[in-house]
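The next block holds one structure in the form of structure tokens; read it before the comments.
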Amino acid sequence: MKDKAIATPTRTKDILSQYGFAFKKSLGQNFIIDVNILENTIKHAGIGQDAGAIEIGPGIGALTEQLGRFADKVVAFEIDQRLIPILSETLEGYDNITIVNEDILASDIHDVIQSQFDPGQRVHIVANLPYYITTPILMKLLMDRLPVQNITVMIQKEVAERMAAQPNTKSYGSLSIAVQYYTEARVVMNVPKTVFMPQPNVDSSVLQLTLREAPPVNVKDEPFFFEVVKATFGQRRKTLMNNLSRHFTGQTKAELKDVMMAVDIDPGRRGESLSMEEFAVLANQLYDVT
Ligand code: SAM
């Protein structure tokens with residue numbers, strides 16, 4: 001354990017030059033150089049001393065080190081092999097941290113949770129995600145239906161806003177529904193680009209996802225529900241009728257109109273005005289006629 005945190009400009013520069021490490025843009029490598037941001041993120045996650053934490057993409061260990069201070073046990077997945085020997089030195093002394101050199105998208109996270117954490121231990125996912133694959137990573141974490149308390153991630157501000165968006169806003173779309181079907185989503189903090197090395201072109205936010213025990217709506221068929229949502233937002237400026245008839249070519253406009261009228265949804269509305277409940281009712285009604 002070193003006296004000085006990794007997440008400072010000087011220590012980060014020292015580590016990078018010591019190992020001759022060159023950032024790979026293709027892996028979304030932007031390291032955090034501000035300890036306060038990391039501590040606040042961990043506070044938002046609500047990690048207790050006896051909790052477990054999973055991190056995705058530890059980099060040189062800036063967040064990992066802080067998680068190691070606050071959590072009972074930390075498992076971090078890092079795809080870049082060059083970082084493994086660096087992490088073993090920067091995190092030296094933290095016996096409660098395990099680094100797994102794997103692509104998170106190809107990992108069996110259920111298996112890792114079972115083998116690395118105590119039965120019944122609260123587990124939190126915390127990460128400064130690589131921005132090029134934020135959505136695939138989050139959708140994998142949600143669709144895997146992991147036994148975790150919450151997911152607290154630093155991501156591109158605009159994507160965080162889309163994931164947490166409510167109806168009748170510019171950011172609301174199929175991504176909002178996909179994320180909020182599994183979680184309660186909240187932007188808890190904005191993060192300026194100046195706290196990263198190298199600085200990205202975009203600002204970031206910390207998004208907190210609290211996993212739901214059950215979906216907030218009853219749907220007859222999940223893939224069909226998401227298909228309807230996606231189709232509805234196909235062309236944002238077009239009406240429900242336009243988007244649905246373009247997608248469900250096996251139905252006539254009159255048939256689609258009957259479906260919408262049966263559930264009291266005006267075919268002239270736009271997708272962005274529909275609540276998740278309305279999408280569910282519409283998809284269930286449509287499911288029976290397609
Ligand atoms: N946590 C560090 C920090 O905050 O300073 C680094 C965050 S950096 C934005 C993202 C990290 O994710 C990089 O270390 C990158 O190598 C790693 N990474 C990228 N794609 C990955 C993947 N598919 N699986 C696991 N790690 C990945």
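How things are named: the first chain in the structure tokens is A, the next is B, and so on; residues count from 1 in each chain; ligands count from 1 in the order shown.
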Worksheet item: So which residues are near ligand 1, meaning at most 9 Å away with only C-alpha atoms and all ligand atoms counted, given back as a ChimeraX atom specification?
Response: /A:6-7,23-33,38,55-64,76-83,100-107,127-133,137,154-155,196-197
Discussion item. Residues near Gln208 of chain A, anyone? I mean within 6 Å using only C-alpha atoms, not counting same-chain ones fewer than 5 positions away, as a list in words.
Written reply: Ile151, Thr152, Ala185 and Arg186 of chain A
How would the residues just picked look written out with N, CA, C and O atoms as a PDB file, in the first residue's frame?
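Wrote again.pdb, looks like this:
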```pdb
ATOM      1  N   ILE A 151     -25.323  -1.038  -9.717  1.00  0.00           N
ATOM      2  CA  ILE A 151     -24.249  -0.843 -10.689  1.00  0.00           C
ATOM      3  C   ILE A 151     -24.023   0.662 -10.760  1.00  0.00           C
ATOM      4  O   ILE A 151     -24.954   1.414 -11.059  1.00  0.00           O
ATOM      5  N   THR A 152     -22.810   1.092 -10.430  1.00  0.00           N
ATOM      6  CA  THR A 152     -22.525   2.531 -10.406  1.00  0.00           C
ATOM      7  C   THR A 152     -21.381   2.778 -11.376  1.00  0.00           C
ATOM      8  O   THR A 152     -20.261   2.319 -11.140  1.00  0.00           O
ATOM      9  N   ALA A 185     -32.942   3.851 -12.721  1.00  0.00           N
ATOM     10  CA  ALA A 185     -31.733   4.521 -13.204  1.00  0.00           C
ATOM     11  C   ALA A 185     -31.718   5.985 -12.779  1.00  0.00           C
ATOM     12  O   ALA A 185     -32.739   6.667 -12.864  1.00  0.00           O
ATOM     13  N   ARG A 186     -30.547   6.432 -12.321  1.00  0.00           N
ATOM     14  CA  ARG A 186     -30.424   7.802 -11.816  1.00  0.00           C
ATOM     15  C   ARG A 186     -29.022   8.347 -12.118  1.00  0.00           C
ATOM     16  O   ARG A 186     -28.027   7.647 -11.874  1.00  0.00           O
TER      17      ARG A 186
END
```
Fill in: Residue set, segment 103-275 of chain A restricted to strand (DSSP E or B), as a PyMOL selection string
chain A and resi 123-128+150-156+183-191+196-197+204-211+239+270
Could you write out that same residue set with N, CA and C atoms as a short mmCIF file (atom, residue, chain, number, x, y, z; two decimals), in the first residue's frame?
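Listed below is the output, out21.cif:
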```
data_model
loop_
_atom_site.label_atom_id
_atom_site.label_comp_id
_atom_site.auth_asym_id
_atom_site.auth_seq_id
_atom_site.Cartn_x
_atom_site.Cartn_y
_atom_site.Cartn_z
N VAL A 123 -22.94 -7.59 -3.28
CA VAL A 123 -21.94 -7.31 -4.30
C VAL A 123 -22.39 -6.09 -5.12
N HIS A 124 -21.44 -5.18 -5.35
CA HIS A 124 -21.72 -3.97 -6.12
C HIS A 124 -20.80 -3.96 -7.34
N ILE A 125 -21.31 -3.45 -8.45
CA ILE A 125 -20.44 -3.25 -9.61
C ILE A 125 -20.14 -1.77 -9.71
N VAL A 126 -18.85 -1.44 -9.78
CA VAL A 126 -18.45 -0.04 -9.87
C VAL A 126 -17.39 0.06 -10.97
N ALA A 127 -17.52 1.03 -11.86
CA ALA A 127 -16.52 1.13 -12.93
C ALA A 127 -16.50 2.48 -13.60
N ASN A 128 -15.34 2.81 -14.12
CA ASN A 128 -15.20 3.89 -15.08
C ASN A 128 -15.11 3.16 -16.41
N ASN A 150 -26.29 -3.05 -6.87
CA ASN A 150 -26.41 -1.94 -7.79
C ASN A 150 -25.18 -1.86 -8.69
N ILE A 151 -25.32 -1.04 -9.72
CA ILE A 151 -24.25 -0.84 -10.69
C ILE A 151 -24.02 0.66 -10.76
N THR A 152 -22.81 1.09 -10.43
CA THR A 152 -22.53 2.53 -10.41
C THR A 152 -21.38 2.78 -11.38
N VAL A 153 -21.68 3.45 -12.47
CA VAL A 153 -20.67 3.57 -13.53
C VAL A 153 -20.50 4.98 -14.06
N MET A 154 -19.24 5.29 -14.34
CA MET A 154 -18.93 6.55 -14.98
C MET A 154 -19.00 6.29 -16.48
N ILE A 155 -19.85 7.04 -17.16
CA ILE A 155 -20.00 6.84 -18.61
C ILE A 155 -20.19 8.20 -19.27
N GLN A 156 -20.25 8.20 -20.58
CA GLN A 156 -20.46 9.45 -21.32
C GLN A 156 -21.78 10.07 -20.86
N THR A 183 -33.84 -1.94 -14.15
CA THR A 183 -33.29 -1.16 -13.03
C THR A 183 -34.05 0.16 -12.82
N GLU A 184 -33.78 0.76 -11.65
CA GLU A 184 -34.14 2.17 -11.46
C GLU A 184 -32.88 2.94 -11.75
N ALA A 185 -32.94 3.85 -12.72
CA ALA A 185 -31.73 4.52 -13.20
C ALA A 185 -31.72 5.98 -12.78
N ARG A 186 -30.55 6.43 -12.32
CA ARG A 186 -30.42 7.80 -11.82
C ARG A 186 -29.02 8.35 -12.12
N VAL A 187 -28.97 9.57 -12.62
CA VAL A 187 -27.66 10.21 -12.77
C VAL A 187 -27.34 10.83 -11.42
N VAL A 188 -26.22 10.42 -10.79
CA VAL A 188 -25.95 10.90 -9.44
C VAL A 188 -24.84 11.95 -9.38
N MET A 189 -24.11 12.12 -10.48
CA MET A 189 -22.99 13.04 -10.42
C MET A 189 -22.52 13.36 -11.83
N ASN A 190 -22.12 14.61 -12.07
CA ASN A 190 -21.49 14.93 -13.34
C ASN A 190 -19.99 15.02 -13.14
N VAL A 191 -19.26 14.61 -14.16
CA VAL A 191 -17.80 14.54 -14.03
C VAL A 191 -17.17 15.28 -15.21
N PHE A 196 -9.63 13.32 -16.29
CA PHE A 196 -9.15 12.11 -16.96
C PHE A 196 -7.79 12.36 -17.62
N MET A 197 -7.01 11.30 -17.73
CA MET A 197 -5.77 11.35 -18.49
C MET A 197 -5.75 10.16 -19.44
N SER A 204 -18.60 13.45 -18.71
CA SER A 204 -19.09 12.17 -18.20
C SER A 204 -20.07 12.40 -17.06
N SER A 205 -20.79 11.33 -16.73
CA SER A 205 -21.67 11.34 -15.55
C SER A 205 -21.53 10.01 -14.87
N VAL A 206 -21.91 10.00 -13.59
CA VAL A 206 -21.98 8.72 -12.90
C VAL A 206 -23.45 8.31 -12.89
N LEU A 207 -23.69 7.15 -13.46
CA LEU A 207 -25.05 6.61 -13.53
C LEU A 207 -25.19 5.52 -12.50
N GLN A 208 -26.26 5.57 -11.73
CA GLN A 208 -26.49 4.50 -10.76
C GLN A 208 -27.71 3.69 -11.15
N LEU A 209 -27.51 2.40 -11.25
CA LEU A 209 -28.60 1.49 -11.60
C LEU A 209 -28.88 0.58 -10.41
N THR A 210 -30.09 0.68 -9.87
CA THR A 210 -30.48 -0.21 -8.78
C THR A 210 -31.33 -1.32 -9.37
N LEU A 211 -30.87 -2.54 -9.21
CA LEU A 211 -31.56 -3.64 -9.89
C LEU A 211 -32.94 -3.90 -9.29
N THR A 239 -45.18 9.21 -36.31
CA THR A 239 -46.16 8.76 -35.33
C THR A 239 -46.02 7.26 -35.05
N ARG A 270 -46.49 10.10 -30.62
CA ARG A 270 -45.12 9.72 -30.94
C ARG A 270 -44.59 8.82 -29.83
#
```
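The smallest atom-to-atom distance between Met261 of chain A and any of A:Ile113, A:Leu282, A:Asp95, A:Pro119, using only C-alpha atoms, is found for A:Leu282.
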Practice prompt. Skip Asp203 of chain A itself and residues of its chain fewer than 6 positions away, then list as a list in words all residues within 6 Å of it, counting only C-alpha atoms.
Written response: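 So the residues in contact are Lys157, Pro192 and Lys193 of chain A.
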Worksheet item: Which distance in Å separates atom CA of Pro215 of chain A and atom CA of Tyr182 of chain A, to one decimal?
Response: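 About the pair atom CA of Pro215 of chain A and atom CA of Tyr182 of chain A: they are 5.9 Å apart.
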Discussion item. One decimal, in Å: what's the spacing between atom CA of Ala214 of chain A and atom CA of Phe233 of chain A?
Written reply: 24.6 Å
Could you find all residues in segment 53-280 of chain A that DSSP calls alpha helix (DSSP H) from the backbone, and write them as a compact mmCIF listing (two decimals) with N, CA and C atoms, in the first residue's frame?
```txt
# COMPACT_ATOMS: atom_id res chain seq x y z
N ALA A 62 -6.51 3.03 -10.34
CA ALA A 62 -6.96 4.23 -9.62
C ALA A 62 -8.20 3.96 -8.77
N LEU A 63 -9.24 3.41 -9.40
CA LEU A 63 -10.49 3.13 -8.69
C LEU A 63 -10.36 1.84 -7.87
N THR A 64 -9.65 0.88 -8.42
CA THR A 64 -9.47 -0.41 -7.75
C THR A 64 -8.90 -0.23 -6.35
N GLU A 65 -7.87 0.63 -6.27
CA GLU A 65 -7.22 0.90 -4.99
C GLU A 65 -8.23 1.44 -3.97
N GLN A 66 -9.08 2.38 -4.42
CA GLN A 66 -10.07 2.97 -3.50
C GLN A 66 -11.10 1.92 -3.11
N LEU A 67 -11.49 1.08 -4.07
CA LEU A 67 -12.44 0.01 -3.74
C LEU A 67 -11.81 -0.93 -2.71
N GLY A 68 -10.53 -1.19 -2.88
CA GLY A 68 -9.81 -2.07 -1.95
C GLY A 68 -9.82 -1.52 -0.53
N ARG A 69 -9.86 -0.19 -0.41
CA ARG A 69 -9.91 0.44 0.92
C ARG A 69 -11.29 0.31 1.55
N PHE A 70 -12.34 0.39 0.70
CA PHE A 70 -13.70 0.45 1.24
C PHE A 70 -14.41 -0.89 1.31
N LEU A 83 -1.41 -4.32 -18.73
CA LEU A 83 -1.67 -3.68 -17.44
C LEU A 83 -1.53 -4.66 -16.26
N ILE A 84 -1.49 -5.94 -16.54
CA ILE A 84 -1.49 -6.92 -15.45
C ILE A 84 -0.24 -6.81 -14.55
N PRO A 85 0.98 -6.79 -15.15
CA PRO A 85 2.15 -6.62 -14.27
C PRO A 85 2.17 -5.26 -13.57
N ILE A 86 1.63 -4.25 -14.21
CA ILE A 86 1.59 -2.91 -13.59
C ILE A 86 0.68 -2.95 -12.36
N LEU A 87 -0.49 -3.55 -12.54
CA LEU A 87 -1.46 -3.62 -11.43
C LEU A 87 -0.89 -4.42 -10.26
N SER A 88 -0.11 -5.46 -10.58
CA SER A 88 0.38 -6.25 -9.44
C SER A 88 1.34 -5.43 -8.59
N GLU A 89 1.96 -4.42 -9.20
CA GLU A 89 2.82 -3.54 -8.38
C GLU A 89 2.05 -2.39 -7.75
N THR A 90 1.17 -1.74 -8.54
CA THR A 90 0.48 -0.57 -7.98
C THR A 90 -0.48 -0.98 -6.85
N ILE A 109 -19.79 -14.00 -15.42
CA ILE A 109 -19.74 -13.22 -14.18
C ILE A 109 -20.45 -13.95 -13.04
N HIS A 110 -21.49 -14.71 -13.38
CA HIS A 110 -22.16 -15.52 -12.35
C HIS A 110 -21.15 -16.44 -11.66
N ASP A 111 -20.33 -17.06 -12.49
CA ASP A 111 -19.35 -18.00 -11.99
C ASP A 111 -18.35 -17.29 -11.07
N VAL A 112 -17.92 -16.09 -11.49
CA VAL A 112 -16.95 -15.33 -10.70
C VAL A 112 -17.57 -14.93 -9.36
N ILE A 113 -18.83 -14.51 -9.39
CA ILE A 113 -19.49 -14.11 -8.14
C ILE A 113 -19.55 -15.31 -7.19
N GLN A 114 -19.91 -16.46 -7.76
CA GLN A 114 -20.04 -17.65 -6.92
C GLN A 114 -18.70 -18.09 -6.32
N SER A 115 -17.64 -17.97 -7.15
CA SER A 115 -16.36 -18.49 -6.66
C SER A 115 -15.58 -17.48 -5.82
N GLN A 116 -15.83 -16.17 -6.03
CA GLN A 116 -14.98 -15.17 -5.36
C GLN A 116 -15.61 -14.51 -4.13
N THR A 134 -19.79 0.92 -23.76
CA THR A 134 -20.63 1.13 -22.57
C THR A 134 -21.95 0.37 -22.66
N THR A 135 -22.66 0.56 -23.76
CA THR A 135 -24.00 -0.03 -23.85
C THR A 135 -23.94 -1.57 -23.89
N PRO A 136 -23.08 -2.17 -24.73
CA PRO A 136 -23.00 -3.64 -24.69
C PRO A 136 -22.64 -4.18 -23.29
N ILE A 137 -21.74 -3.50 -22.60
CA ILE A 137 -21.36 -4.00 -21.26
C ILE A 137 -22.57 -3.91 -20.32
N LEU A 138 -23.21 -2.74 -20.28
CA LEU A 138 -24.33 -2.60 -19.35
C LEU A 138 -25.47 -3.56 -19.70
N MET A 139 -25.75 -3.73 -20.98
CA MET A 139 -26.85 -4.65 -21.34
C MET A 139 -26.49 -6.09 -20.97
N LYS A 140 -25.21 -6.44 -21.11
CA LYS A 140 -24.81 -7.79 -20.68
C LYS A 140 -25.03 -7.95 -19.17
N LEU A 141 -24.58 -6.95 -18.39
CA LEU A 141 -24.71 -7.03 -16.94
C LEU A 141 -26.19 -7.18 -16.55
N LEU A 142 -27.07 -6.46 -17.26
CA LEU A 142 -28.49 -6.50 -16.90
C LEU A 142 -29.14 -7.80 -17.37
N MET A 143 -28.83 -8.19 -18.60
CA MET A 143 -29.50 -9.38 -19.14
C MET A 143 -28.99 -10.66 -18.49
N LYS A 157 -21.73 11.40 -20.59
CA LYS A 157 -22.88 12.09 -20.01
C LYS A 157 -24.16 11.88 -20.82
N GLU A 158 -24.02 12.00 -22.11
CA GLU A 158 -25.19 11.91 -22.98
C GLU A 158 -25.84 10.52 -22.92
N VAL A 159 -25.00 9.50 -22.80
CA VAL A 159 -25.52 8.13 -22.72
C VAL A 159 -26.20 7.90 -21.36
N ALA A 160 -25.59 8.46 -20.31
CA ALA A 160 -26.19 8.35 -18.97
C ALA A 160 -27.57 8.99 -18.97
N GLU A 161 -27.67 10.15 -19.62
CA GLU A 161 -28.96 10.85 -19.67
C GLU A 161 -30.00 10.05 -20.44
N ARG A 162 -29.55 9.39 -21.51
CA ARG A 162 -30.50 8.58 -22.29
C ARG A 162 -30.98 7.39 -21.47
N MET A 163 -30.07 6.79 -20.73
CA MET A 163 -30.45 5.61 -19.94
C MET A 163 -31.43 5.95 -18.81
N ALA A 164 -31.28 7.16 -18.25
CA ALA A 164 -32.12 7.54 -17.10
C ALA A 164 -33.33 8.38 -17.50
N SER A 174 -35.44 3.97 -26.87
CA SER A 174 -35.48 2.53 -26.57
C SER A 174 -34.43 2.15 -25.52
N LEU A 175 -33.32 2.90 -25.47
CA LEU A 175 -32.29 2.59 -24.47
C LEU A 175 -32.82 2.87 -23.05
N SER A 176 -33.62 3.93 -22.91
CA SER A 176 -34.20 4.24 -21.58
C SER A 176 -35.07 3.08 -21.12
N ILE A 177 -35.90 2.57 -22.04
CA ILE A 177 -36.80 1.48 -21.69
C ILE A 177 -36.01 0.21 -21.38
N ALA A 178 -35.01 -0.07 -22.21
CA ALA A 178 -34.22 -1.30 -22.01
C ALA A 178 -33.58 -1.29 -20.62
N VAL A 179 -33.00 -0.16 -20.24
CA VAL A 179 -32.29 -0.08 -18.95
C VAL A 179 -33.29 -0.05 -17.79
N GLN A 180 -34.36 0.72 -17.96
CA GLN A 180 -35.30 0.88 -16.83
C GLN A 180 -36.23 -0.32 -16.66
N TYR A 181 -36.25 -1.20 -17.62
CA TYR A 181 -37.00 -2.45 -17.47
C TYR A 181 -36.33 -3.31 -16.37
N TYR A 182 -35.01 -3.22 -16.31
CA TYR A 182 -34.25 -4.03 -15.34
C TYR A 182 -33.88 -3.27 -14.07
N GLU A 222 -40.81 -11.02 -23.74
CA GLU A 222 -39.83 -9.93 -23.60
C GLU A 222 -39.21 -9.51 -24.93
N PRO A 223 -38.71 -10.46 -25.75
CA PRO A 223 -38.12 -10.01 -27.02
C PRO A 223 -39.12 -9.23 -27.87
N PHE A 224 -40.40 -9.66 -27.85
CA PHE A 224 -41.40 -8.96 -28.65
C PHE A 224 -41.65 -7.55 -28.10
N PHE A 225 -41.69 -7.44 -26.78
CA PHE A 225 -41.86 -6.13 -26.14
C PHE A 225 -40.75 -5.16 -26.61
N PHE A 226 -39.51 -5.65 -26.55
CA PHE A 226 -38.40 -4.78 -26.95
C PHE A 226 -38.42 -4.49 -28.46
N GLU A 227 -38.94 -5.44 -29.22
CA GLU A 227 -39.07 -5.22 -30.67
C GLU A 227 -40.06 -4.08 -30.94
N VAL A 228 -41.16 -4.09 -30.21
CA VAL A 228 -42.17 -3.03 -30.38
C VAL A 228 -41.59 -1.67 -29.98
N VAL A 229 -40.87 -1.66 -28.85
CA VAL A 229 -40.27 -0.40 -28.39
C VAL A 229 -39.32 0.14 -29.45
N LYS A 230 -38.45 -0.72 -29.94
CA LYS A 230 -37.45 -0.31 -30.95
C LYS A 230 -38.14 0.21 -32.21
N ALA A 231 -39.17 -0.53 -32.65
CA ALA A 231 -39.88 -0.14 -33.87
C ALA A 231 -40.53 1.23 -33.69
N THR A 232 -41.07 1.47 -32.51
CA THR A 232 -41.77 2.72 -32.23
C THR A 232 -40.84 3.93 -32.30
N LEU A 240 -46.70 6.84 -33.98
CA LEU A 240 -46.76 5.42 -33.63
C LEU A 240 -47.21 4.60 -34.83
N MET A 241 -48.31 5.06 -35.46
CA MET A 241 -48.88 4.35 -36.60
C MET A 241 -47.85 4.19 -37.72
N ASN A 242 -47.17 5.28 -38.04
CA ASN A 242 -46.16 5.23 -39.10
C ASN A 242 -45.06 4.24 -38.81
N ASN A 243 -44.53 4.33 -37.59
CA ASN A 243 -43.41 3.46 -37.23
C ASN A 243 -43.83 2.00 -37.14
N LEU A 244 -45.00 1.75 -36.55
CA LEU A 244 -45.42 0.36 -36.40
C LEU A 244 -45.79 -0.27 -37.75
N SER A 245 -46.42 0.51 -38.61
CA SER A 245 -46.83 -0.09 -39.90
C SER A 245 -45.61 -0.33 -40.79
N ARG A 246 -44.58 0.48 -40.61
CA ARG A 246 -43.34 0.28 -41.36
C ARG A 246 -42.66 -1.01 -40.90
N HIS A 247 -42.78 -1.33 -39.60
CA HIS A 247 -42.10 -2.52 -39.06
C HIS A 247 -42.94 -3.80 -39.19
N LYS A 253 -52.90 -1.25 -41.90
CA LYS A 253 -52.99 -0.08 -41.01
C LYS A 253 -54.27 -0.14 -40.18
N ALA A 254 -55.34 -0.65 -40.80
CA ALA A 254 -56.62 -0.73 -40.07
C ALA A 254 -56.49 -1.70 -38.88
N GLU A 255 -55.79 -2.80 -39.12
CA GLU A 255 -55.60 -3.77 -38.01
C GLU A 255 -54.77 -3.15 -36.89
N LEU A 256 -53.71 -2.45 -37.28
CA LEU A 256 -52.86 -1.82 -36.26
C LEU A 256 -53.64 -0.75 -35.50
N LYS A 257 -54.48 -0.03 -36.23
CA LYS A 257 -55.28 1.01 -35.58
C LYS A 257 -56.21 0.37 -34.54
N ASP A 258 -56.83 -0.75 -34.91
CA ASP A 258 -57.72 -1.45 -33.97
C ASP A 258 -56.98 -1.84 -32.69
N VAL A 259 -55.74 -2.33 -32.89
CA VAL A 259 -54.93 -2.73 -31.72
C VAL A 259 -54.72 -1.53 -30.80
N MET A 260 -54.34 -0.43 -31.38
CA MET A 260 -54.05 0.77 -30.57
C MET A 260 -55.31 1.31 -29.91
N MET A 261 -56.40 1.31 -30.66
CA MET A 261 -57.64 1.82 -30.08
C MET A 261 -58.10 0.91 -28.93
N ALA A 262 -57.89 -0.39 -29.09
CA ALA A 262 -58.34 -1.34 -28.06
C ALA A 262 -57.66 -1.07 -26.71
N MET A 276 -43.52 3.32 -20.01
CA MET A 276 -43.19 1.90 -20.11
C MET A 276 -44.45 1.04 -19.98
N GLU A 277 -45.36 1.48 -19.10
CA GLU A 277 -46.64 0.78 -18.91
C GLU A 277 -47.42 0.73 -20.23
N GLU A 278 -47.47 1.86 -20.92
CA GLU A 278 -48.20 1.91 -22.20
C GLU A 278 -47.54 1.03 -23.25
N PHE A 279 -46.21 1.02 -23.28
CA PHE A 279 -45.52 0.13 -24.22
C PHE A 279 -45.88 -1.32 -23.94
N ALA A 280 -45.96 -1.67 -22.65
CA ALA A 280 -46.24 -3.06 -22.28
C ALA A 280 -47.65 -3.45 -22.72
```
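Atom pair atom CA of Ala45 of chain A / atom CA of Leu146 of chain A has a distance of 16.2 Å (rounded to one decimal).
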